[in-house]
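Asks: Next comes the structure file work_3.cif, holding mmCIF, C-alpha atoms and all ligand atoms.
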data_data
loop_
_atom_site.label_atom_id
_atom_site.label_comp_id
_atom_site.auth_asym_id
_atom_site.auth_seq_id
_atom_site.Cartn_x
_atom_site.Cartn_y
_atom_site.Cartn_z
CA MET A 1 -2.86 -98.44 51.19
CA LEU A 2 -1.77 -99.51 47.73
CA ASP A 3 -0.06 -102.87 47.42
CA PHE A 4 0.83 -103.98 43.92
CA GLY A 5 3.38 -106.54 45.10
CA VAL A 6 0.77 -109.27 45.65
CA ALA A 7 1.69 -112.61 44.04
CA SER A 8 -0.39 -113.18 40.91
CA PRO A 9 -2.16 -116.52 40.33
CA TYR A 10 -1.31 -116.22 36.60
CA SER A 11 1.79 -117.46 34.79
CA GLN A 12 4.09 -114.88 33.19
CA GLY A 13 2.63 -115.64 29.72
CA GLN A 14 -0.95 -115.25 30.99
CA ARG A 15 -0.02 -112.01 32.75
CA HIS A 16 1.48 -110.73 29.51
CA THR A 17 -1.71 -111.55 27.56
CA GLU A 18 -3.85 -109.97 30.31
CA HIS A 19 -1.67 -106.87 30.26
CA ASN A 20 -1.91 -106.58 26.46
CA ARG A 21 -5.68 -107.01 26.57
CA GLU A 22 -6.01 -104.32 29.24
CA ASP A 23 -3.73 -102.04 27.24
CA ILE A 24 -5.98 -102.38 24.17
CA VAL A 25 -9.11 -101.68 26.25
CA ILE A 26 -7.51 -98.58 27.78
CA LYS A 27 -6.42 -97.26 24.39
CA SER A 28 -9.82 -97.90 22.81
CA VAL A 29 -11.56 -96.03 25.66
CA MET A 30 -9.45 -92.91 25.05
CA PHE A 31 -9.92 -93.19 21.30
CA LYS A 32 -13.69 -93.53 21.60
CA GLU A 33 -13.92 -90.58 23.97
CA PHE A 34 -11.69 -88.54 21.65
CA LEU A 35 -14.07 -89.17 18.73
CA ARG A 36 -16.99 -88.19 20.93
CA ASN A 37 -15.43 -84.99 22.26
CA PRO A 38 -11.98 -84.15 20.85
CA ARG A 39 -11.60 -80.73 22.52
CA ILE A 40 -12.22 -82.02 26.02
CA THR A 41 -10.45 -85.37 25.67
CA GLY A 42 -7.51 -83.75 23.90
CA ALA A 43 -5.63 -86.98 23.08
CA ILE A 44 -6.12 -90.09 20.98
CA LEU A 45 -3.87 -92.21 23.17
CA PRO A 46 -2.96 -92.25 26.86
CA SER A 47 0.47 -90.83 27.82
CA SER A 48 3.45 -93.15 27.36
CA ARG A 49 5.51 -94.33 30.32
CA HIS A 50 8.26 -91.93 29.21
CA LEU A 51 5.95 -88.92 29.40
CA SER A 52 4.37 -90.22 32.62
CA ASN A 53 7.84 -90.58 34.14
CA ALA A 54 8.77 -87.03 33.15
CA MET A 55 5.49 -85.75 34.63
CA THR A 56 6.22 -87.34 38.00
CA ALA A 57 9.99 -86.70 38.21
CA GLY A 58 11.70 -83.79 39.94
CA ILE A 59 8.64 -82.51 41.78
CA GLY A 60 9.20 -84.00 45.25
CA ILE A 61 6.43 -86.55 44.87
CA LYS A 62 7.87 -88.91 47.52
CA THR A 63 7.70 -86.33 50.29
CA ALA A 64 4.46 -84.57 49.28
CA ARG A 65 1.50 -85.24 51.56
CA ARG A 66 -1.35 -83.91 49.38
CA ILE A 67 -1.40 -84.62 45.66
CA VAL A 68 -4.16 -83.90 43.15
CA GLU A 69 -4.32 -85.13 39.56
CA LEU A 70 -6.51 -83.25 37.07
CA GLY A 71 -7.77 -85.07 33.98
CA PRO A 72 -6.34 -88.51 34.84
CA GLY A 73 -8.09 -90.12 31.86
CA THR A 74 -7.59 -93.88 32.00
CA GLY A 75 -4.76 -93.49 34.53
CA ALA A 76 -1.52 -93.59 32.52
CA ILE A 77 0.13 -91.00 34.78
CA THR A 78 -1.80 -92.13 37.86
CA ARG A 79 -0.02 -95.48 37.68
CA HIS A 80 3.32 -93.68 38.04
CA ILE A 81 2.05 -91.42 40.83
CA ILE A 82 0.83 -94.27 43.03
CA ARG A 83 4.09 -96.15 42.63
CA LYS A 84 5.97 -93.21 44.08
CA ILE A 85 3.75 -91.94 46.91
CA THR A 86 3.72 -93.15 50.52
CA PRO A 87 0.64 -94.62 52.26
CA GLU A 88 0.33 -91.37 54.27
CA THR A 89 -0.12 -89.27 51.12
CA LYS A 90 -3.62 -88.06 50.34
CA PHE A 91 -4.22 -88.49 46.64
CA LEU A 92 -7.29 -87.37 44.74
CA ALA A 93 -8.16 -87.36 41.03
CA VAL A 94 -10.62 -84.99 39.30
CA GLU A 95 -12.03 -86.03 35.92
CA LEU A 96 -14.80 -84.36 33.92
CA ASN A 97 -15.88 -87.27 31.69
CA PRO A 98 -18.20 -89.73 33.52
CA GLN A 99 -17.41 -92.64 31.14
CA ILE A 100 -13.71 -92.17 31.74
CA CYS A 101 -14.30 -91.95 35.51
CA GLU A 102 -16.06 -95.31 35.35
CA GLU A 103 -13.15 -96.91 33.46
CA PHE A 104 -10.69 -95.36 35.88
CA SER A 105 -12.53 -96.73 38.92
CA LYS A 106 -12.45 -100.27 37.50
CA ARG A 107 -8.66 -100.13 37.46
CA PHE A 108 -7.96 -98.02 40.54
CA ASN A 109 -10.73 -98.99 42.92
CA ASP A 110 -8.89 -97.66 45.98
CA ILE A 111 -8.29 -94.19 44.53
CA LYS A 112 -10.82 -91.45 45.03
CA ILE A 113 -11.90 -89.92 41.74
CA ILE A 114 -14.30 -86.97 41.66
CA ASN A 115 -16.44 -86.64 38.54
CA ASP A 116 -16.37 -82.85 38.20
CA SER A 117 -14.56 -80.06 36.38
CA ALA A 118 -11.18 -78.85 37.58
CA ALA A 119 -12.82 -75.42 37.26
CA ASN A 120 -14.41 -76.24 40.64
CA LEU A 121 -11.14 -77.31 42.25
CA ARG A 122 -11.29 -75.11 45.35
CA SER A 123 -14.74 -76.32 46.36
CA ILE A 124 -13.84 -79.94 45.51
CA LEU A 125 -10.80 -79.78 47.80
CA ALA A 126 -12.79 -78.08 50.55
CA ASN A 127 -15.44 -80.82 50.37
CA GLU A 128 -12.70 -83.43 50.66
CA GLY A 129 -11.15 -81.62 53.64
CA LEU A 130 -7.93 -81.07 51.67
CA HIS A 131 -7.97 -77.27 51.15
CA GLU A 132 -4.46 -77.14 49.70
CA ALA A 133 -2.31 -79.45 47.60
CA ASP A 134 1.48 -79.73 47.65
CA ILE A 135 1.48 -80.96 44.06
CA ILE A 136 -1.06 -80.64 41.25
CA ILE A 137 -0.42 -82.88 38.25
CA SER A 138 -2.45 -82.02 35.20
CA GLY A 139 -3.25 -83.96 32.04
CA LEU A 140 -5.70 -81.27 30.88
CA PRO A 141 -5.55 -80.44 27.14
CA TRP A 142 -4.69 -76.74 27.58
CA ALA A 143 -4.14 -75.92 23.90
CA SER A 144 -7.71 -76.91 23.03
CA PHE A 145 -9.12 -74.64 25.77
CA GLY A 146 -9.98 -70.98 25.09
CA ALA A 147 -8.30 -68.18 27.04
CA GLU A 148 -11.25 -67.77 29.39
CA LEU A 149 -11.33 -71.42 30.48
CA GLN A 150 -7.54 -71.50 30.81
CA ASN A 151 -7.72 -68.46 33.09
CA CYS A 152 -10.47 -69.92 35.21
CA LEU A 153 -8.63 -73.26 35.60
CA LEU A 154 -5.27 -71.66 36.38
CA THR A 155 -6.88 -69.39 38.98
CA GLU A 156 -8.34 -72.45 40.71
CA ILE A 157 -4.99 -74.24 40.51
CA ILE A 158 -2.87 -71.41 41.89
CA HIS A 159 -5.30 -70.82 44.79
CA SER A 160 -5.40 -74.56 45.54
CA LEU A 161 -1.62 -74.91 45.76
CA ALA A 162 0.15 -74.65 49.11
CA PRO A 163 2.93 -72.04 49.42
CA ARG A 164 5.91 -73.34 47.39
CA GLY A 165 3.58 -75.93 45.84
CA VAL A 166 4.35 -77.44 42.42
CA PHE A 167 2.17 -77.61 39.33
CA THR A 168 3.16 -79.90 36.48
CA THR A 169 1.54 -80.36 33.10
CA PHE A 170 2.39 -81.30 29.51
CA ALA A 171 1.89 -79.89 26.01
CA TYR A 172 2.06 -81.73 22.69
CA ILE A 173 4.69 -80.19 20.43
CA GLN A 174 2.39 -79.94 17.42
CA GLY A 175 0.18 -77.61 19.48
CA LEU A 176 2.98 -75.34 20.75
CA ALA A 177 2.57 -72.91 17.83
CA LEU A 178 -1.15 -72.41 18.46
CA PRO A 179 -2.23 -69.02 19.88
CA THR A 180 -3.86 -70.84 22.83
CA ALA A 181 -0.51 -72.50 23.64
CA HIS A 182 1.20 -69.06 23.65
CA ILE A 183 -1.52 -67.69 25.92
CA PHE A 184 -1.06 -70.67 28.24
CA ARG A 185 2.73 -70.22 28.44
CA ARG A 186 2.36 -66.48 29.16
CA ASN A 187 -0.20 -67.31 31.84
CA LEU A 188 2.21 -69.75 33.50
CA ASP A 189 5.03 -67.18 33.47
CA ARG A 190 2.75 -64.54 34.96
CA ARG A 191 1.33 -66.71 37.72
CA PHE A 192 4.26 -68.86 38.88
CA THR A 193 7.61 -67.90 40.41
CA THR A 194 9.53 -70.32 38.18
CA VAL A 195 8.52 -72.24 35.05
CA HIS A 196 10.82 -74.96 33.72
CA ARG A 197 10.21 -76.63 30.36
CA THR A 198 11.80 -80.04 29.75
CA PRO A 199 13.39 -81.08 26.47
CA ILE A 200 10.99 -82.78 24.04
CA ILE A 201 9.93 -86.26 25.09
CA TRP A 202 9.99 -88.00 21.72
CA ARG A 203 8.82 -91.35 23.02
CA ASN A 204 5.18 -90.33 23.26
CA ILE A 205 2.48 -90.15 20.60
CA PRO A 206 2.50 -87.27 19.92
CA PRO A 207 5.84 -86.00 21.35
CA ALA A 208 5.42 -83.56 24.22
CA VAL A 209 7.17 -81.22 26.65
CA VAL A 210 6.53 -81.01 30.39
CA TYR A 211 6.18 -77.75 32.33
CA ARG A 212 7.21 -77.79 36.00
CA CYS A 213 5.98 -74.67 37.76
CA HIS A 214 6.70 -73.51 41.33
CA LYS A 215 4.32 -71.21 43.14
C1 LIG A 301 -5.20 -85.45 27.22
S1 LIG A 301 -6.26 -86.45 28.27
C2 LIG A 301 -5.02 -86.97 29.44
C3 LIG A 301 -5.33 -88.29 30.07
C4 LIG A 301 -4.21 -88.86 30.94
N1 LIG A 301 -3.83 -87.96 32.01
C5 LIG A 301 -3.00 -89.20 30.12
O1 LIG A 301 -1.99 -88.46 30.22
O2 LIG A 301 -3.04 -90.19 29.40
C6 LIG A 301 -7.16 -85.15 29.11
C7 LIG A 301 -8.15 -85.59 30.17
O3 LIG A 301 -8.64 -84.41 30.83
C8 LIG A 301 -10.05 -84.54 31.04
N2 LIG A 301 -10.62 -83.19 31.19
C9 LIG A 301 -10.83 -82.26 30.22
N3 LIG A 301 -11.33 -81.13 30.75
C10 LIG A 301 -11.40 -81.33 32.10
C11 LIG A 301 -11.82 -80.52 33.19
N4 LIG A 301 -12.27 -79.26 33.02
N5 LIG A 301 -11.75 -81.03 34.45
C12 LIG A 301 -11.31 -82.31 34.65
N6 LIG A 301 -10.91 -83.13 33.65
C13 LIG A 301 -10.95 -82.66 32.38
C14 LIG A 301 -10.51 -85.30 29.79
O4 LIG A 301 -11.78 -85.88 29.97
C15 LIG A 301 -9.38 -86.31 29.62
O5 LIG A 301 -9.60 -87.47 30.37
#
Have the structure of the file written as structure tokens, please.
Replies:
Amino acid sequence: MLDFGVASPYSQGQRHTEHNREDIVIKSVMFKEFLRNPRITGAILPSSRHLSNAMTAGIGIKTARRIVELGPGTGAITRHIIRKITPETKFLAVELNPQICEEFSKRFNDIKIINDSAANLRSILANEGLHEADIIISGLPWASFGAELQNCLLTEIIHSLAPRGVFTTFAYIQGLALPTAHIFRRNLDRRFTTVHRTPIIWRNIPPAVVYRCHK
């Protein structure tokens, strides 16, 4: 399904320049969308490869058959997901911002992205014939969401996960002291059987922790 091993017609130097140009475009898209709607976008920059690696490690991604990503943005974590999944895996992304969806589709034209809110996750999955996911990977900016929206989203997530399914998400450390971050953590503890928090991933702007939660 996804073959990134195709020989490139460009020299290594050209590929490097292309990569840098694309990197700048991706970063400027996130920045622009952040200025337009900081609470929903939640980040000035896409996640680093270190955070993306932590988000996709230790969750059984290679053997999962149904994976959903919420809030993929410009695809920083998506890139790591698609490297690890098999062609048999059903993978779906759900993104609220239509401009970001458009940017995403330019880069990942063989990945299905639904332009909708994760608050509608159960009906989105039903429409896609998925019903349940083995893994839900979220880039949603939880600390900027109020308690009501957090509750609504987590209810959708828990009901969309298969038995023993895994939910993984991150939190920026500067937001961990916010009341909304405390509410989120309590919500995770209440709804999931186990919640593991990784050490701080310093090589991300801003530094972050990852939560791995088992249903
Ligand atoms: C912090 S960015 C993360 C982007 C990317 N995953 C990364 O790590 O670089 C959060 C993303 O979640 C999206 N988002 C916010 N609320 C959402 C919702 N209710 N449903 C789906 N996506 C949402 C935003 O538009 C944005 O693209």
Asks: Go through A:Ala126, A:Ala147, A:Ile113, A:Leu140 one by one, measure the shortest atom-to-atom distance of each to ligand LIG 301 (chain A) using all atoms listed in the file, and give the residue with the smallest value.
Replies: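 Of A:Ala126, A:Ala147, A:Ile113, A:Leu140, the one nearest ligand LIG 301 (chain A), counting all atoms listed in the file, is A:Leu140.
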Asks: Out of A:Thr180, A:Thr86, A:Ser117, A:Gln99, which residue has the shortest atom-to-atom distance to A:Gly71 when counting only C-alpha atoms?
Replies: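 Nearest to A:Gly71: A:Ser117.
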Asks: Check which residues fall inside 6 Å of ligand LIG 301 (chain A) when counting all atoms listed in the file, and print them as JSON, numbers by chain.
Replies: {"A": [40, 41, 42, 43, 46, 47, 70, 71, 72, 73, 75, 76, 77, 94, 95, 96, 97, 117, 118, 119, 139, 140, 141]}
Asks: Given only C-alpha atoms as the basis, pick out the residue of A:His214, A:Ile158, A:Pro98, A:Ile183 nearest to A:His196.
Replies: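 Closest candidate: A:His214.
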Asks: Env of A:Pro179: 12 Å cut, atoms = all atoms listed in the file, seq-sep filter 5 positions within chain, self excluded. Answer as a ChimeraX atom specification.
Replies: /A:142-147,184-186
Asks: Distance cut-off 9 Å, centre (0.7, -90.2, 43.9) in file coordinates, counting only C-alpha atoms: which residues qualify? Return them as a list in words.
Replies: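 Taken together, the residues in range are Thr56, Ile61, Lys62, Ala64, Arg66, Ile67, Val68, Glu69, Thr78, Arg79, His80, Ile81, Ile82, Arg83, Lys84, Ile85, Thr86, Thr89, Lys90, Phe91 and Leu92 of chain A.
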Asks: I need the residue nearest A:Arg164 from this list: A:Asn187, A:Ser138, A:Thr193, A:Asn109. Use all atoms listed in the file for the distance.
Replies: A:Thr193
